[in-house]
Amino acid sequence: MADVGGAASAIGKRRATARAEGSAGYQQRRGEILAVAGRLFKEKGFHGIRLGDVAAELGTDRASLYYYVSSREELFQEIVRGAVENNVERAETIRKGPEQAPDKVSALIESLMDSYRTHFPYLYVYIQEDLTRITDDVNSEWARDMRRLNRRYDEAVIGIIEEGLHDGTIRAVGSARTIAFGLIGMVNWTHRWFEPSEDEDAALRIGQTFSAMLLDGVRAADAK
């Protein structure tokens with residue numbers, strides 16, 4: 001009988017060594033794998049694909065992928081981690097800025113839409129999935145990191161709204177938490193219909209439209 005565990009261990013060691021060395025060819029191929037996986041995750045969801053599907057799209061076999069990734073879970077986790085971290089850093093930088101809260105809200109919305117364009121479809125993949133369904137261990141290091149990043153992002157947005165409520169630049173139509181989550185939900189829903197390849201400038205226009213909707217409302221001035 002073949003030593004499956006030994007073979008897997010050997011491949012894992014080769015994979016770790018290749019990553020540590022970080023050759024240009026290895027990184028390029030790994031990037032191609034992540035790009036294909038991201039598209040398939042977007043189209044079919046986390047549970048809709050297997051490593052074999054990624055391999056087929058790349059014109060190779062599943063065994064060859066193990067030199068670059070260990071599992072479907074690893075693919076998903078790596079795809080979204082960098083994009084989510086970038087979003088959190090953007091939100092926290094905007095929160096710390098000198099602008100008034102409404103301007104920060106606009107910057108936040110436009111920044112998030114730009115991030116969805118830049119990291120398409122990775123962030124949308126993350127939004128579509130339930131965190132508890134994409135890891136066997138909800139207490140894994142990755143799952144903990146993602147919950148921490150989510151909290152940091154929520155806190156940054158809530159903080160901006162609280163600032164506006166405190167100084168009167170944002171109307172108190174509800175709690176800071178409700179307004180903040182409404183903002184986040186409005187932008188996140190674009191995962192159902194936004195396709196950046198159709199119009200590279202669409203993300204900016206969508207962000208500007210959402211900003212106007214949230215800050216100015218949609219009722220015409222002369223409407224009764």
# chains A, B, ... in the order shown; residues from 1 in each chain; ligands from 1
>>> closest_atom_pairs(of="region 106-166 of chain A", to="region 34-55 of chain A", cutoff="8 Å", atoms="only C-alpha atoms", output="JSON lines")
{"residue": "A:Pro121", "atom": "CA", "partner": "A:Gly38", "partner_atom": "CA", "distance": 6.2}
{"residue": "A:Tyr122", "atom": "CA", "partner": "A:Gly38", "partner_atom": "CA", "distance": 5.8}
{"residue": "A:Tyr124", "atom": "CA", "partner": "A:Lys42", "partner_atom": "CA", "distance": 7.0}
{"residue": "A:Val125", "atom": "CA", "partner": "A:Lys42", "partner_atom": "CA", "distance": 5.2}
{"residue": "A:Gln128", "atom": "CA", "partner": "A:Gly45", "partner_atom": "CA", "distance": 7.4}
{"residue": "A:Glu129", "atom": "CA", "partner": "A:Phe46", "partner_atom": "CA", "distance": 7.0}
{"residue": "A:Ile134", "atom": "CA", "partner": "A:Phe46", "partner_atom": "CA", "distance": 6.9}
>>> residues_around(residues="Asn150 (chain A)", least_positions_apart="2", cutoff="12 Å", atoms="only C-alpha atoms", output="PyMOL selection string")
chain A and resi 81+84-89+91+126-127+131+143-148+152-157+181+184
>>> write_last_selection(atoms="C-alpha atoms", output="mmCIF file, in the first residue's frame")
data_model
loop_
_atom_site.group_PDB
_atom_site.id
_atom_site.type_symbol
_atom_site.label_atom_id
_atom_site.label_comp_id
_atom_site.auth_asym_id
_atom_site.auth_seq_id
_atom_site.Cartn_x
_atom_site.Cartn_y
_atom_site.Cartn_z
ATOM 1 C CA ARG A 81 -7.172 37.879 3.673
ATOM 2 C CA VAL A 84 -9.894 42.432 3.777
ATOM 3 C CA GLU A 85 -6.776 43.707 5.560
ATOM 4 C CA ASN A 86 -6.434 46.437 2.947
ATOM 5 C CA ASN A 87 -10.040 47.507 3.455
ATOM 6 C CA VAL A 88 -9.610 47.772 7.213
ATOM 7 C CA GLU A 89 -6.482 49.888 6.817
ATOM 8 C CA ALA A 91 -11.261 52.646 6.786
ATOM 9 C CA TYR A 126 -15.828 36.712 1.160
ATOM 10 C CA ILE A 127 -19.118 38.613 1.438
ATOM 11 C CA LEU A 131 -17.521 32.253 7.890
ATOM 12 C CA ALA A 143 -11.207 32.535 11.428
ATOM 13 C CA ARG A 144 -10.105 34.521 14.474
ATOM 14 C CA ASP A 145 -8.172 36.924 12.278
ATOM 15 C CA MET A 146 -11.176 37.508 10.036
ATOM 16 C CA ARG A 147 -13.497 38.162 12.978
ATOM 17 C CA ARG A 148 -10.945 40.599 14.365
ATOM 18 C CA ARG A 152 -12.034 46.690 13.308
ATOM 19 C CA TYR A 153 -13.846 47.661 10.131
ATOM 20 C CA ASP A 154 -17.208 47.948 11.865
ATOM 21 C CA GLU A 155 -15.642 50.031 14.629
ATOM 22 C CA ALA A 156 -14.057 52.403 12.113
ATOM 23 C CA VAL A 157 -17.367 53.003 10.322
ATOM 24 C CA PHE A 181 -24.469 48.886 9.205
ATOM 25 C CA ILE A 184 -21.980 48.769 4.883
#
>>> residues_around(residues="region 168-174 of chain A", least_positions_apart="5", cutoff="9 Å", atoms="only C-alpha atoms", output="VMD selection string")
chain A and resid 100 to 102 161 to 163 179 215
>>> closest_residue(among="A:Tyr116, A:Val187, A:Gln77, A:Ile160", to="Glu92 (chain A)", atoms="only C-alpha atoms")
A:Ile160
